[in-house]
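**Q** I am attaching a structure below and will ask some questions about it afterwards.
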Amino acid sequence: MDAASSLSSSIQTTHSKPGYLPGTSRIGRYLLIGLAFFFTFLAISPFLFALTTSFKTQTDSIDGTVIPFIQYQPTLINWEQEFGLGGTETFKSLRNSALIALGSTLIATILGTLAGYGLGRFKYGIGNRNLVSWFMSQRFLPPIASVIPFVLLFRDLKLIDTLPGMVIINATFTLPFAVLIMRDFFADFPQELIEAALVDGAGHFQTFRDIALPLATPALVASVIICFSFAWNEYLFASVLATKEWKPYPMLVAGSDSVRGIMFGFVTTRMLIAVTVPVFLSLLVQRYIVRGLTFGAVKG
Amino acid sequence: MLVLKPMMQKTSAKYFFLMPGVLWILAFTLFPLVYSLYLSFTDFRLGKEPQFVGTKNYVEILGLDGEGGDDKALETATFSLFLTLGSTSMTLIMGTLIAWVFNHDLPMLRQMRAIITMPLFAAPIALGFLGVVIFNETNGPLNNILQGLGFERIQWIIDPWGARFAVLITDTWQWTPFVFIVVLAAMQSIPEDLYESARLDTRSNWILFRRITFPLIAPALGTVALLRLVETIKILDIPISLTGGGPGAATQTYSYYVYQIGLRGSFQLGDASALSYLVVIIAIIISSIYFWRVRARFD
């Protein structure tokens with residue numbers, strides 16, 4: 001976490017001093033600190049509970065204890081079950097999740113960066129605001145409405161339960177994030193740098209590639225992480241379109257209860273595996289979360 | 001010629017950047033949507049050729065034929081509405097409260113802020129399963145804590161209202177951080193001298209909040225509320241994993257119902273498409289309000 005926060009501070013290039021309210025009185029201040037700790041604890045206590053439960057045997061997991069070594073003897077049995085001898089399915093679905101998320105992130109980021117550069121730098125006849133809204137509107141549609149046509153489309157194209165199929169789906173649903181984050185960045189980009197390169201005889205694409213893109217790294221990182229996380233977490237489409245060979249990890253999580261009833265240790269272990277990657281990645285892009293998730297409507 | 005050439009280059013360049021994304025959305029968002037609209041006017045089931053039936057599906061769902069409509073659709077839509085209003089208001093209230101606390105000069109503020117945002121990026125399907133453990137009636141930690149504090153144990157999963165609130169609490173827990181970070185960002189952009197001059201007139205934090213903070217964060221709150229509304233309409237993963245829609249259909253959301261009609265069991269794709277189009281219309285209305293509010297920023 002330390003490495004993560006130091007990395008995140010290096011990404012935060014322009015962290016302005018916020019106008020904090022000064023604490024009024026000493027007691028009031030202690031009260032506020034207490035509340036802040038309380039809310040922080042509330043936010044992560046379910047994760048902490050999952051963590052401690054994942055190191056318990058089935059018998060221990062329902063006894064209400066929480067402190068390892070002192071209250072109960074921790075065991076790796078759940079983790080061994082998940083990754084040990086019977087772990088083939090685990091590794092396979094984690095690999096699937098990683099490939100689907102990486103592939104779709106790559107496509108969404110490339111398309112999103114190009115479109116974001118266009119929308120940030122040029123004026124279009126239709127109106128940039130309409131184009132941006134149009135890209136965004138995709139994210140507002142209830143996914144349930146597009147599942148059915150996708151099933152039929154993919155059946156005809158033989159894309160059901162394939163990597164390209166899952167990549168297309170997730171690239172489609174994460175593209176708005178990439179477009180919005182990159183547009184936001186390029187709209188604030190110093191135009192003089194671009195004009196100077198153009199005057200020097202560089203082409204538009206060359207200018208984009210050699211001047212704008214290298215400076216866009218922080219925004220690119222944010223876009224990649226947000227797209228990756230959403231693709232990694234996607235369940236609805238996977239549950240219909242990737243049920244066998246290309247089953248991603250959330251599908252395995254969804255099967256946890258039917259396999260063994262409610263085994264606390266087993267369920268919490270799988271849950272932790274599912275959330276670890278995106279949750280830790282998100283720590284790297286704190287500065288972009290606000291803008292990214294409100295589609296640039298609120299500046300963070 | 002010398003003047004014209006770069007201009008032409010610029011025109012082709014700007015479409016070169018934009019078009020790949022536009023084409024992608026046309027192919028994979030607009031086409032499915034139009035296809036689904038067509039399906040909603042058919043009696044399509046898997047294994048049967050679609051036949052055009054006009055507005056029959058819509059008429060039957062909405063009960064325009066005088067036969068009472070689709071009760072299950074109404075029931076699940078009611079639960080979705082409960083969830084939408086409940087989660088939106090709960091996350092707004094909690095998020096604003098936490099943001100107000102964090103808008104003071106406190107130690108370890110950035111670290112705590114980062115920790116609070118963690119649930120936001122967790123897979124909802126996984127959080128639902130964590131909920132299965134946390135809300136477990138006999139051995140779950142929540143009931144243990146409630147009992148420890150002297151309250152009655154709650155039948156979270158067995159009782160319809162217990163289950164409804166379990167879903168609501170899980171979604172609220174995941175999305176409060178979103179409201180929190182957005183509202184905190186809005187609060188931190190309020191200039192400090194506004195508070196300083198106001199403090200000459202009043203010492204009440206409540207008056208400061210009501211007269212200065214709240215009016216200035218109101219636009220951000222509106223934006224967040226609209227985003228939360230469209231997001232909560234989509235909720236599906238948490239009820240699937242936490243309650244399986246039960247007991248009965250008490251926690252089945254509208255999306256969940258459409259999912260079952262169209263993709264589980266009978267595969268009534270025509271009916272499901274019509275059902276899903278009704279929610280598309282609602283989403284379009286809410287998102288239009290959203291775009292109307294924020295689109296000026298995108299020129």
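Letters A, B, ... go to the chains of the structure tokens in the order shown; residues in each chain start at 1; ligands are counted from 1 in the same order.
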Need the shell around B:Gln260: protein/DNA/RNA residues with any atom at most 12 Å away, counting only C-alpha atoms. Skip same-chain ones fewer than 3 positions apart. Format as a VMD selection string?
**A** (chain A and resid 144 147 to 148 236 239 to 240) or (chain B and resid 72 to 73 76 236 240 244 to 245 249 252 to 257 263 to 269 271 to 273 275 to 276)
**Q** I need the residue nearest A:Ser45 from this list: B:Ile282, B:Leu130, B:Ala220, B:Ile157. Use only C-alpha atoms for the distance.
**A**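 Closest candidate: B:Leu130.
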**Q** Excluding same-chain residues fewer than 5 positions from stretch 129-137 of chain A, what lies within 7 Å of it counting only C-alpha atoms, as a VMD selection string?
**A** (chain A and resid 176) or (chain B and resid 291 295 to 296 298 to 299)
**Q** May I have the residues from that selection written out with all heavy atoms, as a tab-separated table (two decimals), in the first residue's frame?
**A**
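Result saved to out-v7.tsv:
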chain	number	residue	atom	x	y	z
A	176	PRO	N	-16.47	4.53	-23.24
A	176	PRO	CA	-16.82	5.88	-22.78
A	176	PRO	C	-15.85	6.43	-21.74
A	176	PRO	O	-15.50	7.62	-21.79
A	176	PRO	CB	-18.21	5.71	-22.18
A	176	PRO	CG	-18.77	4.51	-22.83
A	176	PRO	CD	-17.62	3.60	-23.12
B	291	PHE	N	-27.18	15.09	-19.58
B	291	PHE	CA	-26.43	15.73	-20.66
B	291	PHE	C	-26.79	17.21	-20.78
B	291	PHE	O	-25.95	18.05	-21.01
B	291	PHE	CB	-26.70	15.04	-22.00
B	291	PHE	CG	-26.18	13.64	-22.03
B	291	PHE	CD1	-26.91	12.63	-22.62
B	291	PHE	CD2	-24.96	13.33	-21.47
B	291	PHE	CE1	-26.43	11.33	-22.64
B	291	PHE	CE2	-24.47	12.04	-21.48
B	291	PHE	CZ	-25.21	11.04	-22.07
B	295	ARG	N	-23.45	19.17	-20.64
B	295	ARG	CA	-22.84	19.12	-21.96
B	295	ARG	C	-22.08	20.38	-22.36
B	295	ARG	O	-21.15	20.31	-23.16
B	295	ARG	CB	-23.86	18.77	-23.04
B	295	ARG	CG	-25.02	19.74	-23.06
B	295	ARG	CD	-26.14	19.22	-23.92
B	295	ARG	NE	-26.62	20.29	-24.77
B	295	ARG	CZ	-26.70	20.19	-26.09
B	295	ARG	NH1	-26.37	19.08	-26.68
B	295	ARG	NH2	-27.11	21.20	-26.79
B	296	ALA	N	-22.45	21.51	-21.75
B	296	ALA	CA	-21.73	22.73	-22.10
B	296	ALA	C	-20.24	22.62	-21.79
B	296	ALA	O	-19.42	23.30	-22.39
B	296	ALA	CB	-22.34	23.92	-21.35
B	298	PHE	N	-18.38	20.26	-22.60
B	298	PHE	CA	-17.68	19.42	-23.56
B	298	PHE	C	-17.43	20.07	-24.90
B	298	PHE	O	-17.15	19.41	-25.88
B	298	PHE	CB	-18.45	18.10	-23.75
B	298	PHE	CG	-18.56	17.32	-22.48
B	298	PHE	CD1	-19.79	16.89	-22.02
B	298	PHE	CD2	-17.43	17.02	-21.74
B	298	PHE	CE1	-19.88	16.18	-20.85
B	298	PHE	CE2	-17.52	16.30	-20.57
B	298	PHE	CZ	-18.75	15.89	-20.11
B	299	ASP	N	-17.59	21.39	-24.99
B	299	ASP	CA	-17.31	22.06	-26.27
B	299	ASP	C	-15.84	22.42	-26.39
B	299	ASP	O	-15.17	22.56	-25.38
B	299	ASP	CB	-18.18	23.31	-26.41
B	299	ASP	CG	-19.46	22.97	-27.12
B	299	ASP	OD1	-19.45	21.98	-27.87
B	299	ASP	OD2	-20.46	23.66	-26.91
**Q** Please list as a list in words every residue within 7 Å of B:Leu229, counting only C-alpha atoms and excluding residues in the same chain fewer than 4 positions away.
**A**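 The contact residues come out as Thr84, Thr88, Ala225 and Ile233 of chain B.
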**Q** Hey, what's within 10 Å of B:Gly270 if we count only C-alpha atoms and toss same-chain stuff fewer than 6 positions away? As a list in words, please?
**A**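 The contact residues come out as Ile148 of chain A; Ser36, Leu37, Tyr38, Leu39, Ser40, Phe41, Thr42, Asp43, Phe44, Arg45, Leu46, Pro50, Gln51, Phe52, Val53, Asn57, Ile261, Gly262 and Ser276 of chain B.
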**Q** Let me see the file: selected residues, N, CA and C atoms, as a short mmCIF file (atom, residue, chain, number, x, y, z; two decimals), in the first residue's frame.
**A**
data_model
loop_
_atom_site.label_atom_id
_atom_site.label_comp_id
_atom_site.auth_asym_id
_atom_site.auth_seq_id
_atom_site.Cartn_x
_atom_site.Cartn_y
_atom_site.Cartn_z
N ILE A 148 -29.40 -9.37 -25.14
CA ILE A 148 -30.11 -10.24 -26.08
C ILE A 148 -29.62 -10.08 -27.52
N SER B 36 -32.56 -4.85 -31.04
CA SER B 36 -33.38 -5.18 -29.90
C SER B 36 -34.76 -4.51 -30.02
N LEU B 37 -34.78 -3.30 -30.59
CA LEU B 37 -36.07 -2.62 -30.82
C LEU B 37 -36.92 -3.45 -31.78
N TYR B 38 -36.28 -3.93 -32.85
CA TYR B 38 -37.00 -4.78 -33.80
C TYR B 38 -37.53 -6.04 -33.11
N LEU B 39 -36.67 -6.69 -32.31
CA LEU B 39 -37.09 -7.92 -31.62
C LEU B 39 -38.29 -7.68 -30.71
N SER B 40 -38.35 -6.48 -30.14
CA SER B 40 -39.42 -6.21 -29.18
C SER B 40 -40.78 -6.19 -29.87
N PHE B 41 -40.80 -6.11 -31.20
CA PHE B 41 -42.06 -6.16 -31.93
C PHE B 41 -42.31 -7.55 -32.53
N THR B 42 -41.58 -8.56 -32.03
CA THR B 42 -41.77 -9.92 -32.54
C THR B 42 -42.10 -10.87 -31.38
N ASP B 43 -42.46 -12.09 -31.73
CA ASP B 43 -42.73 -13.10 -30.70
C ASP B 43 -41.57 -14.09 -30.61
N PHE B 44 -40.36 -13.60 -30.90
CA PHE B 44 -39.18 -14.45 -30.99
C PHE B 44 -38.88 -15.22 -29.71
N ARG B 45 -38.72 -16.54 -29.87
CA ARG B 45 -38.19 -17.39 -28.81
C ARG B 45 -37.05 -18.18 -29.42
N LEU B 46 -36.18 -18.71 -28.60
CA LEU B 46 -35.09 -19.51 -29.14
C LEU B 46 -35.67 -20.77 -29.79
N PRO B 50 -38.59 -15.58 -35.69
CA PRO B 50 -39.35 -14.45 -35.20
C PRO B 50 -40.50 -14.05 -36.13
N GLN B 51 -41.64 -13.79 -35.57
CA GLN B 51 -42.78 -13.30 -36.34
C GLN B 51 -43.13 -11.91 -35.84
N PHE B 52 -43.41 -11.02 -36.77
CA PHE B 52 -43.76 -9.65 -36.39
C PHE B 52 -45.15 -9.62 -35.75
N VAL B 53 -45.22 -9.10 -34.54
CA VAL B 53 -46.52 -9.08 -33.86
C VAL B 53 -46.95 -7.66 -33.50
N ASN B 57 -46.42 -7.18 -27.59
CA ASN B 57 -45.65 -7.37 -26.37
C ASN B 57 -45.85 -6.21 -25.39
N ILE B 261 -36.43 -13.85 -17.98
CA ILE B 261 -37.37 -14.08 -19.08
C ILE B 261 -36.62 -14.39 -20.37
N GLY B 262 -35.57 -13.60 -20.62
CA GLY B 262 -34.92 -13.70 -21.92
C GLY B 262 -33.80 -14.71 -21.98
N SER B 276 -37.11 -4.78 -21.82
CA SER B 276 -35.88 -4.01 -21.65
C SER B 276 -36.01 -2.64 -22.30
#
